[in-house]
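The next block holds one structure in the form of structure tokens; read it before the comments.
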Amino acid sequence: MSTKPIAVHPRFTLAATVMMREAATDAAVLVQLRNISLSGCYLETPRQIAPGTRVRIVLQLAEIRADVWGVVSRRDDKGLGIQFTNGTTVEDWKRLQAFIKELQGAVPPMSAAASGPR
């Protein structure tokens, strides 16, 4: 039995308000983005959403406008860890990739010990 290594993407602290929609209900809510990487993000919210729930995150910041899909990978008392799965369009995913690349050149990534909620 072989195990495939999991790619670890640098995670960056980023405080912003983003829109989250639950796929099943399409209910939109504004949440606080706390950190982001190419593989996912952490959203601070009191909403109780079960792990495995599919969500859509709309990032509309000065530097980016990207609409991406993900699943709730974990829930804690402060918020949700979201694992990105794909962009709503290929262009959305490319915009997210370009934004993360810009962050890599401008902001030091979080250390694993300091990354806290993921």
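Chain labels follow the order of the structure tokens: the first chain is A, the next B, and so on; residue numbering restarts at 1 in every chain, and ligands are counted from 1 in their shown order.
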
- Neighbour list for A:Ala50 as a list in words, cut-off 12 Å, only C-alpha atoms, skip fewer than 4 positions in-chain: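 Listed by chain and then number, they are Glu22, Arg54, Val55, Val71, Val72, Ser73, Arg74, Arg75, Asp76, Gly79, Leu80, Gly81 and Ile82 of chain A.
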
- Item | Shell of 8 Å around A:Met110, only C-alpha atoms, local chain residues under 5 positions omitted, as number ranges by chain | A: 10-13, 115

- Task: Show which residues sit within 6 Å of stretch 31-34 of chain A, as a PyMOL selection string. Count only C-alpha atoms, and ignore same-chain residues fewer than 5 positions away.
- Result: chain A and resi 14-18+42-45

- Tell me which of A:Ile100, A:Ala28, A:Leu61, A:Ala106 sits closest to A:Cys41, counting only C-alpha atoms.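 Residue with the minimum atom-to-atom distance to A:Cys41: A:Ile100.
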
- Using only C-alpha atoms, pick whichever of A:Arg95, A:Lys101, A:Arg47, A:Lys78 has the shortest atom-to-atom distance to A:Ala66. A:Arg95

- Message: I'd like to know which residues of chain A are alpha helix (DSSP H) (by DSSP, run on the backbone); could you write them as a PyMOL selection string?
- Response: chain A and resi 90-106

- Task: Could you please write out, as a ChimeraX atom specification, every residue of stretch 4-106 of chain A that DSSP assigns to strand (DSSP E)?
- Result: /A:12-22,28-36,40-44,54-61,64-75,79-87

- What is the distance between atom CA of A:Gly105 and atom CA of A:Gly40, in Å to one decimal? 18.6 Å

- Query: In Å, how far is it from atom CA of A:Asp77 to atom CA of A:Pro46?
  - Reply: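 So the two atoms, atom CA of A:Asp77 and atom CA of A:Pro46, lie 7.6 Å apart.
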
- All residues 12 Å or closer to A:Leu96, only C-alpha atoms, same chain fewer than 2 positions away omitted, as a PyMOL selection string: chain A and resi 36-41+57-61+63-69+84+86-94+98-103

- Query: Between atom CA of A:Val8 and atom CA of A:Gly52, what is the spacing in Å?
  - Reply: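 Value for the atom CA of A:Gly52-atom CA of A:Val8 distance: 20.2 Å.
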
Do a neighbour search on A:Val29 at 8 Å with only C-alpha atoms, toss out local chain neighbours closer than 5 positions, and write the hits as a short mmCIF file (atom, residue, chain, number, x, y, z; two decimals) with C-alpha atoms, in the first residue's frame.
data_model
loop_
_atom_site.label_atom_id
_atom_site.label_comp_id
_atom_site.auth_asym_id
_atom_site.auth_seq_id
_atom_site.Cartn_x
_atom_site.Cartn_y
_atom_site.Cartn_z
CA MET A 19 -19.73 36.08 0.85
CA MET A 20 -20.44 32.42 1.52
CA ARG A 21 -23.37 30.46 0.06
#
